[in-house]
file work_37.cif (mmCIF, C-alpha atoms)
data_final
#
loop_
_atom_site.label_atom_id
_atom_site.label_comp_id
_atom_site.auth_asym_id
_atom_site.auth_seq_id
_atom_site.Cartn_x
_atom_site.Cartn_y
_atom_site.Cartn_z
CA MET A 9 -16.07 -27.99 16.00
CA THR A 10 -15.22 -24.33 15.43
CA ASP A 11 -16.71 -22.27 12.64
CA PRO A 12 -13.89 -20.72 10.55
CA ARG A 13 -16.24 -17.96 9.38
CA LYS A 14 -16.91 -16.92 12.99
CA ASP A 15 -13.20 -17.09 13.81
CA SER A 16 -12.53 -14.79 10.88
CA LEU A 17 -15.18 -12.32 11.99
CA LEU A 18 -13.76 -12.20 15.51
CA SER A 19 -10.16 -11.66 14.49
CA GLY A 20 -8.75 -8.66 16.26
CA HIS A 21 -11.50 -8.60 18.91
CA ASP A 22 -10.89 -6.60 22.09
CA PRO A 23 -11.56 -7.57 25.70
CA LYS A 24 -14.46 -6.11 27.62
CA LYS A 25 -13.89 -2.60 28.92
CA GLU A 26 -15.75 -0.03 30.98
CA VAL A 27 -16.68 3.19 29.21
CA VAL A 28 -19.17 6.01 29.47
CA ILE A 29 -21.66 6.12 26.62
CA LEU A 30 -23.37 9.34 25.56
CA LEU A 31 -26.26 9.10 23.12
CA THR A 32 -27.63 12.32 21.65
CA ASP A 33 -30.70 13.11 19.57
CA MET A 34 -31.81 16.44 18.13
CA VAL A 35 -35.24 17.62 19.25
CA ARG A 36 -37.77 18.22 16.43
CA TYR A 37 -35.31 17.20 13.71
CA SER A 38 -38.09 16.35 11.24
CA VAL A 39 -39.76 19.74 11.73
CA ARG A 40 -36.47 21.61 11.39
CA THR A 41 -35.58 19.91 8.12
CA SER A 42 -39.04 19.45 6.57
CA THR A 43 -38.68 22.43 4.22
CA MET A 44 -34.96 21.98 3.45
CA THR A 45 -33.51 20.66 0.23
CA PRO A 46 -31.23 17.59 0.48
CA GLU A 47 -28.22 19.88 0.10
CA GLU A 48 -29.44 22.15 2.90
CA ILE A 49 -30.05 19.15 5.17
CA ARG A 50 -26.53 17.91 4.42
CA ASP A 51 -24.93 21.24 5.28
CA PHE A 52 -27.11 21.72 8.38
CA MET A 53 -26.31 18.27 9.78
CA ILE A 54 -22.61 18.45 9.01
CA GLY A 55 -22.50 21.76 10.86
CA TYR A 56 -24.48 20.29 13.76
CA HIS A 57 -22.21 17.28 14.17
CA GLN A 58 -19.13 19.46 13.84
CA ASP A 59 -20.46 21.73 16.60
CA ILE A 60 -20.99 18.70 18.86
CA ARG A 61 -17.44 17.56 18.17
CA ASP A 62 -16.02 21.03 18.88
CA ILE A 63 -17.93 21.27 22.17
CA ILE A 64 -17.12 17.78 23.44
CA VAL A 65 -13.57 17.24 22.23
CA ILE A 66 -11.22 19.57 24.10
CA ASP A 67 -7.67 18.15 24.09
CA ASP A 68 -9.23 14.72 24.43
CA ASP A 69 -8.11 11.95 22.11
CA LEU A 70 -9.97 9.17 23.95
CA ILE A 71 -13.41 10.02 22.59
CA GLU A 72 -15.12 8.30 19.67
CA ILE A 73 -17.94 10.21 18.02
CA GLU A 74 -20.10 8.45 15.46
CA PRO A 75 -23.09 10.17 13.79
CA LEU A 76 -26.21 8.01 13.81
CA ALA A 77 -29.09 8.16 11.35
CA GLY A 78 -28.76 11.87 10.66
CA ASP A 79 -29.70 13.67 13.87
CA GLY A 80 -28.25 11.30 16.49
CA ALA A 81 -24.72 10.70 17.69
CA LEU A 82 -22.99 7.97 19.67
CA VAL A 83 -20.12 9.21 21.81
CA ILE A 84 -17.91 6.76 23.70
CA PHE A 85 -15.60 8.09 26.41
CA ASP A 86 -12.69 5.78 27.19
CA ARG A 87 -10.61 5.97 30.35
CA ARG A 88 -7.32 7.84 30.23
CA ALA A 89 -4.23 6.18 31.62
CA ASP A 90 -4.07 8.59 34.56
CA GLU A 91 -7.72 8.48 35.63
CA GLY A 92 -10.14 6.19 37.40
CA ARG A 93 -13.88 5.80 37.08
CA VAL A 94 -14.64 8.99 39.02
CA GLU A 95 -12.41 11.17 36.86
CA MET A 96 -13.78 9.64 33.64
CA CYS A 97 -17.42 10.24 34.70
CA ASN A 98 -16.61 13.79 35.76
CA ARG A 99 -15.02 14.47 32.39
CA VAL A 100 -18.13 13.23 30.58
CA VAL A 101 -20.58 15.30 32.61
CA ARG A 102 -18.49 18.45 32.16
CA ALA A 103 -18.60 17.86 28.38
CA VAL A 104 -22.36 17.35 28.48
CA GLU A 105 -22.74 20.54 30.54
CA ARG A 106 -20.91 22.45 27.82
CA MET A 107 -23.45 21.13 25.33
CA ALA A 108 -26.35 22.03 27.64
CA ARG A 109 -25.05 25.60 27.98
CA ALA A 110 -24.64 25.87 24.21
CA ILE A 111 -28.27 24.73 23.81
CA ASP A 112 -29.47 27.26 26.39
CA ALA A 113 -27.51 30.02 24.65
CA GLY A 114 -29.01 29.11 21.27
CA ASP A 115 -25.66 28.03 19.83
CA LEU A 116 -26.79 24.42 19.37
CA PRO A 117 -30.25 23.04 18.46
CA ALA A 118 -32.13 21.50 21.39
CA THR A 119 -30.69 18.04 21.93
CA ARG A 120 -31.55 15.19 24.30
CA MET A 121 -28.63 13.37 25.93
CA GLY A 122 -28.45 10.08 27.83
CA ILE A 123 -25.32 9.14 29.82
CA HIS A 124 -24.57 5.60 31.02
CA LEU A 125 -21.53 3.91 32.57
CA GLY A 126 -21.21 0.33 31.37
CA ASP A 127 -19.22 -2.37 29.65
CA ILE A 128 -18.76 -2.95 25.94
CA ILE A 129 -16.72 -5.25 23.75
CA GLN A 130 -15.49 -4.62 20.21
CA ALA A 131 -14.81 -6.86 17.24
CA LYS A 132 -13.72 -6.28 13.67
CA LEU A 133 -15.95 -7.16 10.76
CA GLY A 134 -13.76 -6.66 7.74
CA GLU A 135 -12.48 -3.12 8.04
CA LYS A 136 -15.21 -2.04 10.44
CA VAL A 137 -15.06 -2.15 14.23
CA LEU A 138 -18.36 -3.24 15.77
CA LYS A 139 -19.30 -2.54 19.37
CA PHE A 140 -21.57 -4.70 21.52
CA GLY A 141 -23.19 -4.37 24.92
CA SER A 142 -26.50 -3.68 26.65
CA SER A 143 -25.16 -0.29 27.72
CA PHE A 144 -26.18 1.22 24.39
CA ALA A 145 -29.83 0.36 25.04
CA VAL A 146 -29.70 1.93 28.52
CA ALA A 147 -28.15 5.15 27.21
CA SER A 148 -30.78 5.26 24.47
CA ARG A 149 -33.63 4.95 27.00
CA LEU A 150 -32.12 7.70 29.16
CA GLU A 151 -31.91 9.97 26.14
CA ASP A 152 -35.51 9.20 25.24
CA LEU A 153 -36.69 9.97 28.81
CA CYS A 154 -35.35 13.53 28.59
CA SER A 155 -38.50 14.63 26.75
CA TYR A 156 -40.76 13.06 29.38
CA PHE A 157 -38.97 14.79 32.27
CA GLY A 158 -38.19 18.04 30.42
CA THR A 159 -34.42 17.82 30.87
CA SER A 160 -31.48 18.30 28.52
CA TYR A 161 -29.74 15.20 29.84
CA LEU A 162 -30.14 12.29 32.20
CA MET A 163 -27.56 10.00 33.76
CA ASP A 164 -27.60 6.75 35.69
CA ARG A 165 -26.78 6.47 39.39
CA GLU A 166 -23.21 5.28 38.84
CA VAL A 167 -22.29 8.35 36.80
CA ALA A 168 -24.13 10.61 39.28
CA HIS A 169 -22.32 9.19 42.30
CA CYS A 170 -18.98 9.99 40.68
CA GLN A 171 -19.59 13.75 40.56
CA GLY A 172 -17.63 14.70 43.68
CA ALA A 173 -17.81 18.45 44.38
CA GLU A 174 -20.64 18.81 41.85
CA THR A 175 -22.91 16.56 43.94
CA ARG A 176 -24.65 19.62 45.38
CA PHE A 177 -26.16 20.31 41.94
CA LEU A 178 -27.37 16.73 41.38
CA VAL A 179 -31.12 16.18 41.27
CA ASN A 180 -32.78 12.80 41.81
CA VAL A 181 -35.29 12.42 38.96
CA GLY A 182 -36.70 9.04 39.95
CA ARG A 183 -36.41 5.26 40.10
CA LEU A 184 -37.87 3.73 36.96
CA THR A 185 -38.52 0.38 35.38
CA LEU A 186 -38.52 0.70 31.60
CA GLN A 187 -39.85 -1.66 28.98
CA GLY A 188 -37.11 -3.85 27.56
CA LEU A 189 -34.67 -3.34 30.44
CA PRO A 190 -34.33 -6.07 33.11
CA ASN A 191 -33.50 -3.84 36.08
CA PRO A 192 -34.83 -0.51 37.38
CA LEU A 193 -32.81 2.65 36.78
CA ASN A 194 -32.04 5.36 39.31
CA VAL A 195 -32.02 8.48 37.16
CA PHE A 196 -30.34 11.82 37.91
CA THR A 197 -29.58 15.13 36.23
CA VAL A 198 -27.91 18.43 37.14
CA TYR A 199 -29.60 21.77 37.75
CA LYS A 200 -27.23 24.72 37.41
CA PRO A 201 -27.50 28.31 36.22
CA GLY A 202 -28.06 28.07 32.47
CA ILE A 203 -28.90 24.35 32.53
CA ASN A 204 -32.20 22.44 32.61
CA GLY A 205 -34.51 25.43 32.62
CA CYS A 206 -32.56 27.45 35.18
CA PRO A 207 -31.80 31.01 33.98
CA ALA A 208 -28.13 31.95 33.81
CA ASP A 209 -28.72 34.59 36.49
CA VAL A 210 -30.75 32.37 38.82
CA ASP A 211 -30.14 32.89 42.54
CA GLU A 212 -27.81 30.01 43.43
CA THR A 213 -28.88 29.97 47.08
CA GLN A 214 -32.51 29.50 46.05
CA LEU A 215 -31.49 26.91 43.48
CA LEU A 216 -29.63 24.84 46.06
CA GLU A 217 -32.63 25.10 48.39
CA PHE A 218 -34.86 23.77 45.61
CA ILE A 219 -32.44 20.89 44.97
CA SER A 220 -32.32 20.03 48.68
CA ILE A 221 -36.13 19.96 49.02
CA LYS A 222 -36.57 18.04 45.76
CA ASN A 223 -33.96 15.42 46.67
CA SER A 224 -35.41 14.98 50.16
CA ALA A 225 -38.82 14.36 48.59
CA MET A 226 -37.41 11.93 46.02
CA ASP A 227 -35.60 9.93 48.73
CA ARG A 228 -38.98 9.45 50.39
CA PHE A 229 -40.58 8.67 47.03
CA CYS A 230 -38.09 5.94 46.16
CA GLY A 231 -37.75 4.50 49.67
CA ASP A 232 -34.89 2.26 50.74
CA CYS A 233 -35.53 -1.49 50.75
CA SER A 234 -32.21 -2.31 52.42
CA GLY A 235 -32.91 0.17 55.22
CA GLY A 236 -36.55 -0.82 55.59
CA ILE A 237 -37.73 2.67 54.57
CA LEU A 238 -41.01 2.50 52.67
CA PRO A 239 -42.15 5.12 50.14
CA ASP A 240 -44.19 7.87 51.82
CA PHE A 241 -46.40 9.47 49.17
CA PRO A 242 -48.24 11.97 51.42
CA SER A 243 -45.03 13.63 52.62
CA VAL A 244 -43.52 13.36 49.12
CA ARG A 245 -46.42 15.29 47.65
CA GLU A 246 -46.17 17.98 50.32
CA LYS A 247 -42.44 18.48 49.75
CA LEU A 248 -42.70 18.40 45.96
CA ILE A 249 -45.39 21.08 46.01
CA GLU A 250 -43.01 23.17 48.14
CA ALA A 251 -40.15 22.54 45.70
CA GLN A 252 -42.36 23.34 42.70
CA LYS A 253 -43.44 26.62 44.23
CA LEU A 254 -39.81 27.62 44.80
CA PHE A 255 -38.80 26.63 41.26
CA THR A 256 -41.65 28.68 39.82
CA GLU A 257 -40.58 31.69 41.87
CA MET A 258 -37.01 31.32 40.55
CA THR A 259 -37.75 30.68 36.90
CA GLY A 260 -41.34 31.75 36.17
CA LYS A 261 -42.31 28.23 35.09
CA LYS A 262 -42.88 24.78 36.55
CA ASP A 263 -40.24 22.07 36.66
CA LEU A 264 -41.60 19.28 34.44
CA ALA A 265 -39.62 16.54 36.21
CA THR A 266 -41.25 17.51 39.52
CA GLU A 267 -44.66 17.73 37.87
CA ARG A 268 -44.26 14.19 36.49
CA ILE A 269 -43.84 12.76 40.00
CA LEU A 270 -46.81 14.76 41.30
CA GLU A 271 -48.80 13.48 38.34
CA TYR A 272 -47.75 9.90 39.16
CA ILE A 273 -48.89 10.30 42.77
CA ARG A 274 -52.21 11.79 41.64
CA GLU A 275 -52.78 8.73 39.48
CA ASN A 276 -51.30 6.24 41.98
CA PRO A 277 -51.84 7.65 45.49
CA THR A 278 -50.68 4.40 47.12
CA PRO A 279 -47.53 2.55 46.01
CA ALA A 280 -48.09 -0.73 44.19
CA GLY A 281 -46.91 -3.86 45.95
CA ASP A 282 -43.72 -4.02 43.87
CA PHE A 283 -43.04 -0.26 43.88
CA SER A 284 -40.22 -0.49 46.45
CA ASN A 285 -38.32 -2.85 44.12
CA LEU A 286 -39.30 -1.56 40.70
CA GLY A 287 -40.18 2.11 41.17
CA MET A 288 -42.27 3.82 38.48
CA LYS A 289 -43.22 1.46 35.66
CA LEU A 290 -43.44 3.86 32.75
CA ALA A 291 -44.25 1.13 30.24
CA SER A 292 -47.52 0.41 32.02
CA ARG A 293 -50.75 1.88 30.73
CA ARG A 294 -51.55 5.07 32.57
CA ARG A 295 -54.37 4.93 35.05
CA ASP A 296 -57.73 6.21 33.86
CA SER A 297 -58.58 9.79 34.68
CA LEU A 298 -60.58 10.50 37.82
CA GLY A 299 -63.59 11.36 35.69
CA VAL A 300 -63.52 8.01 33.88
CA ARG A 301 -63.12 6.15 37.19
CA ILE A 302 -66.01 8.03 38.79
CA PHE A 303 -68.10 7.34 35.69
CA ARG A 304 -67.34 3.62 35.80
CA LEU A 305 -67.44 3.02 39.53
CA SER A 306 -70.22 5.20 40.89
CA GLN A 307 -73.73 3.89 40.38
CA GLN A 308 -75.07 7.16 41.75
CA LEU A 309 -73.23 9.07 39.08
CA LEU A 310 -74.42 6.77 36.32
CA ARG A 311 -77.96 7.64 37.30
CA ALA A 312 -77.05 11.33 37.20
CA MET A 313 -75.54 11.27 33.73
CA ASP A 314 -76.64 13.21 30.68
CA ILE A 315 -74.64 14.42 27.67
CA GLU A 316 -73.68 17.70 29.32
CA SER A 317 -72.59 15.93 32.49
CA TYR A 318 -70.59 13.29 30.62
CA HIS A 319 -68.73 15.92 28.61
CA ALA A 320 -67.96 17.97 31.73
CA LEU A 321 -66.78 14.96 33.71
CA VAL A 322 -64.92 12.79 31.21
CA VAL A 323 -63.95 15.02 28.29
CA ASP A 324 -63.08 18.35 29.93
CA THR A 325 -60.93 17.08 32.81
CA GLU A 326 -59.60 20.43 34.04
CA TRP A 327 -61.92 20.12 37.06
CA GLU A 328 -59.89 17.17 38.38
CA ARG A 329 -57.18 19.44 39.72
CA TYR A 330 -59.68 20.75 42.28
CA PHE A 331 -59.93 17.28 43.85
CA VAL A 332 -56.97 17.21 46.23
CA LEU A 333 -55.49 13.95 47.50
CA GLU A 334 -55.75 13.25 51.21
CA TRP A 335 -54.51 10.20 53.11
CA LYS A 336 -56.42 9.02 56.20
CA LYS A 337 -55.29 6.44 58.77
CA LYS A 338 -57.47 3.54 59.88
CA GLY A 339 -59.88 4.80 62.57
CA GLU A 340 -59.53 8.46 61.59
CA ILE A 341 -62.74 10.52 61.41
CA VAL A 342 -63.12 12.03 57.95
CA VAL A 343 -66.34 13.99 58.53
CA LYS A 344 -68.49 14.31 61.66
CA VAL A 345 -72.26 14.40 61.94
CA ASN A 346 -73.89 17.83 62.45
CA GLU A 347 -70.77 19.73 61.35
CA GLU A 348 -70.87 22.25 58.53
CA PRO A 349 -69.62 20.80 55.24
CA ASP A 350 -66.08 21.58 54.12
CA GLY A 351 -66.01 19.54 50.94
CA ILE A 352 -67.11 16.47 48.97
CA TYR A 353 -65.08 13.25 48.96
CA TYR A 354 -64.36 10.52 46.43
CA ILE A 355 -62.80 7.28 47.74
CA ASP A 356 -59.76 6.37 45.68
CA SER A 357 -58.79 3.30 47.70
CA GLY A 358 -59.68 1.70 51.02
CA GLU A 359 -62.95 1.49 52.94
CA ALA A 360 -64.91 3.80 55.24
CA GLU A 361 -67.95 3.34 57.48
CA THR A 362 -70.80 5.80 58.08
CA PHE A 363 -72.53 6.18 61.45
CA ASP A 364 -75.56 8.18 62.55
CA ASP A 365 -75.62 10.57 65.50
CA LYS A 366 -76.24 7.65 67.88
CA GLY A 367 -73.22 5.72 66.65
CA ARG A 368 -75.17 3.14 64.66
CA LEU A 369 -73.52 1.74 61.54
CA LEU A 370 -75.33 2.87 58.40
CA ALA A 371 -73.16 1.70 55.51
CA THR A 372 -69.71 0.67 54.37
CA LEU A 373 -68.19 2.69 51.52
CA GLY A 374 -65.45 1.56 49.17
CA GLU A 375 -63.46 2.51 46.10
CA GLY A 376 -65.46 4.74 43.76
CA ASP A 377 -67.98 5.85 46.37
CA ILE A 378 -68.76 9.52 46.95
CA PHE A 379 -69.82 11.07 50.23
CA GLY A 380 -70.32 14.50 51.74
CA GLU A 381 -72.48 15.99 49.01
CA MET A 382 -75.81 15.67 50.89
CA ALA A 383 -75.06 18.57 53.23
CA TYR A 384 -74.86 20.99 50.30
CA PHE A 385 -78.39 20.25 49.17
CA SER A 386 -80.22 19.95 52.49
CA LYS A 387 -82.09 22.66 54.33
CA ILE A 388 -79.95 22.52 57.48
CA ARG A 389 -76.60 22.48 55.63
CA LYS A 390 -75.08 20.04 58.13
CA ARG A 391 -73.40 16.65 57.86
CA ASN A 392 -76.01 13.91 58.37
CA ALA A 393 -73.49 11.19 59.27
CA THR A 394 -70.02 10.56 60.64
CA VAL A 395 -67.60 8.88 58.25
CA VAL A 396 -64.68 6.91 59.73
CA ALA A 397 -61.81 5.24 57.87
CA LYS A 398 -62.33 1.48 58.23
CA THR A 399 -58.91 0.88 56.67
CA ASP A 400 -56.11 3.20 55.64
CA LEU A 401 -57.91 5.41 53.16
CA VAL A 402 -57.05 7.57 50.17
CA VAL A 403 -59.66 10.16 49.23
CA ARG A 404 -59.91 13.02 46.77
CA LYS A 405 -61.60 16.07 48.24
CA ILE A 406 -63.03 19.15 46.56
CA SER A 407 -63.46 22.09 48.92
CA SER A 408 -66.69 24.02 49.32
CA ALA A 409 -65.22 27.07 47.57
CA ASP A 410 -63.91 25.09 44.59
CA PHE A 411 -67.11 23.07 44.33
CA ARG A 412 -69.10 26.26 43.80
CA LYS A 413 -66.75 27.29 40.97
CA LEU A 414 -67.89 24.35 38.82
CA PRO A 415 -71.61 24.66 37.98
CA VAL A 416 -71.85 21.46 35.92
CA ILE A 417 -70.04 19.42 38.57
CA GLU A 418 -72.32 20.96 41.20
CA LYS A 419 -75.30 19.88 39.08
CA ILE A 420 -74.00 16.32 38.93
CA PHE A 421 -73.59 16.06 42.69
CA GLN A 422 -77.01 17.63 43.22
CA ARG A 423 -78.51 14.80 41.18
CA ILE A 424 -76.57 12.26 43.22
CA ALA A 425 -77.91 13.84 46.43
CA GLN A 426 -81.44 13.71 45.07
CA GLY A 427 -80.99 10.04 44.24
CA ARG A 428 -79.96 9.29 47.82
CA ARG A 429 -83.32 10.59 49.07
CA THR A 430 -85.18 7.72 47.38
CA PRO A 431 -86.42 4.91 49.64
CA THR A 432 -83.80 2.47 48.32
CA ALA A 433 -80.86 4.82 48.70
CA VAL A 434 -78.16 4.14 51.28
CA PRO A 435 -78.68 6.58 54.19
CA GLY A 436 -76.15 8.69 55.98
CA ARG A 437 -73.98 10.00 53.18
#
call {"tool": "encode", "arguments": {"input": "work_37.cif", "output": "structure tokens"}}
result
Amino acid sequence: MTDPRKDSLLSGHDPKKEVVILLTDMVRYSVRTSTMTPEEIRDFMIGYHQDIRDIIVIDDDLIEIEPLAGDGALVIFDRRADEGRVEMCNRVVRAVERMARAIDAGDLPATRMGIHLGDIIQAKLGEKVLKFGSSFAVASRLEDLCSYFGTSYLMDREVAHCQGAETRFLVNVGRLTLQGLPNPLNVFTVYKPGINGCPADVDETQLLEFISIKNSAMDRFCGDCSGGILPDFPSVREKLIEAQKLFTEMTGKKDLATERILEYIRENPTPAGDFSNLGMKLASRRRDSLGVRIFRLSQQLLRAMDIESYHALVVDTEWERYFVLEWKKKGEIVVKVNEEPDGIYYIDSGEAETFDDKGRLLATLGEGDIFGEMAYFSKIRKRNATVVAKTDLVVRKISSADFRKLPVIEKIFQRIAQGRRTPTAVPGR
């Protein structure tokens, strides 16, 4: 039995159609308007939305623009009769680039923009036309991610792959699984002179080199399940550091999107079991800092703790950047007995074995264990054991030079070394 009320609501409904959705949101809207009168807010927002309309709509009658909750806007790009998907996506990105340039020039307040190609359906409710589809949620999440990655706009893979000649400016931002969305998103943006932190007079040759290095790194970061290519975090980190250095030389500042991936690798130096399928899971709770993990996992450090040490280790975490990630293969020698020390190691994941100078097994080390500090506090200043990776191993190493820059950290490791000299301490570290 049909419901006449539902039939009435659905009168005049349209079939499903493919469109490009652009969702925008002004950055720091509340701060900008906090001291304005209602009349001033009205005039400011009317001007803002009119500016967006003037920038986006250029001889284009197949665009719907609907202001949302004051500082947001929903823009729907429909397909012209003479264009296919590629042409429609190109038209959208060119419009968004005009907005990005206006933001960079100071002609438009900073605005986040998310672009998604997807399906919607429409239906009339009285005199209003309502629009439905999961594409709105995807565009909204892309817009929200702009702040996290420091970009003016983000687009999904389908829109990115339709960019044709502009492909050379596309930058792979990452493969992400977001809370509330069933499938991972492959996210892209565009780096051009005057867009996404690139100065208008940036050297285009250098810019394209940065994009090439960054995209090569991100291909290795994401991997390719269909091609059997697994994510390779060590080489990703190396290439991203190279890309970051080049970006800093070009612009005088770091690229936040690149820094986010380096940050992810620092916190997750080995891909999770489902990483190849799901990518970065941004909804997950971030991993504890290295200081918190050392505090929790290392019994030696617990014995070394006092208020000063705790504050230096867990509260003031600037020291963590001195501990550099290194990946070791199973069977690889990490340190060798009787050699001069070159750093102190913290095991992030995996296991290692220590041997004396006659090759006898002394101990097995695992996640959270520290080794290499003894040589700094002995008279001979030599390694007293060989440490070999029992499994593939991820360690964090602080060099001798950096170790000496941190007096409180040096004090903590000195206490650990003193603790190892007790009769019950594990030898050979």
call {"tool": "resolve_selection", "arguments": {"input": "work_37.cif", "expression": "the PyMOL selection byres ((chain A and resi 326-340) around 10)", "output": "PyMOL selection string"}}
result
chain A and resi 241-242+245+273-275+277-278+297-299+320-325+341-343+351-361+395-407+409-411+413-414+417
call {"tool": "resolve_selection", "arguments": {"input": "work_37.cif", "expression": "the PyMOL selection byres ((chain A and resi 262) around 12)", "output": "ChimeraX atom specification"}}
result
/A:157-158,204-206,248-261,263-268,270
call {"tool": "resolve_selection", "arguments": {"input": "work_37.cif", "expression": "the PyMOL selection byres ((chain A and resi 47-59) around 9)", "output": "number ranges by chain"}}
result
A: 41, 44-46, 60-64, 75, 78-81, 115-117
call {"tool": "atom_distance", "arguments": {"input": "work_37.cif", "atom1": "atom CA of A:Met288", "atom2": "atom CA of A:Ser155"}}
result
16.4 Å
call {"tool": "axis_aligned_box", "arguments": {"input": "work_37.cif", "around": "stretch 265-275 of chain A", "padding_each_side": "8 Å", "output": "AutoDock Vina command-line options"}}
result
--center_x -46.2 --center_y 13.2 --center_z 39.5 --size_x 29.2 --size_y 25.0 --size_z 22.6
call {"tool": "closest_residue", "arguments": {"input": "work_37.cif", "among": "A:Ser42, A:Leu162, A:Gly122, A:Thr175", "to": "A:Ser143", "atoms": "all atoms listed in the file"}}
result
A:Gly122
call {"tool": "atom_distance", "arguments": {"input": "work_37.cif", "atom1": "atom CA of A:Leu30", "atom2": "atom CA of A:Pro207"}}
result
24.7 Å
call {"tool": "atom_distance", "arguments": {"input": "work_37.cif", "atom1": "atom CA of A:His124", "atom2": "atom CA of A:Val94"}}
result
13.2 Å
call {"tool": "residues_around", "arguments": {"input": "work_37.cif", "residues": "A:Leu150", "least_positions_apart": "3", "cutoff": "9 Å", "atoms": "all atoms listed in the file", "output": "list in words"}}
result
Leu31, Arg120, Met121, Gly122, Ile123, His124, Ala145, Val146, Ala147, Leu153, Cys154, Tyr161, Leu162, Met163, Asp164 and Val195 of chain A
call {"tool": "residues_around", "arguments": {"input": "work_37.cif", "residues": "stretch 185-188 of chain A", "least_positions_apart": "5", "cutoff": "8 Å", "atoms": "all atoms listed in the file", "output": "list in words"}}
result
Arg149, Leu193, Leu286, Gly287, Met288, Lys289, Leu290 and Ala291 of chain A
call {"tool": "closest_residue", "arguments": {"input": "work_37.cif", "among": "A:Ser220, A:Gln214, A:Asn98, A:Ser148", "to": "A:Ala168", "atoms": "all atoms listed in the file"}}
result
A:Asn98
call {"tool": "closest_residue", "arguments": {"input": "work_37.cif", "among": "A:Phe229, A:Ala108, A:Ile221, A:Lys132", "to": "A:Lys200", "atoms": "all atoms listed in the file"}}
result
A:Ala108
call {"tool": "closest_residue", "arguments": {"input": "work_37.cif", "among": "A:Ala118, A:Met107, A:Ile388, A:Leu76", "to": "A:Met34", "atoms": "all atoms listed in the file"}}
result
A:Ala118
call {"tool": "closest_residue", "arguments": {"input": "work_37.cif", "among": "A:Leu178, A:Ile424, A:Lys139, A:Asp365", "to": "A:Ile378", "atoms": "all atoms listed in the file"}}
result
A:Ile424
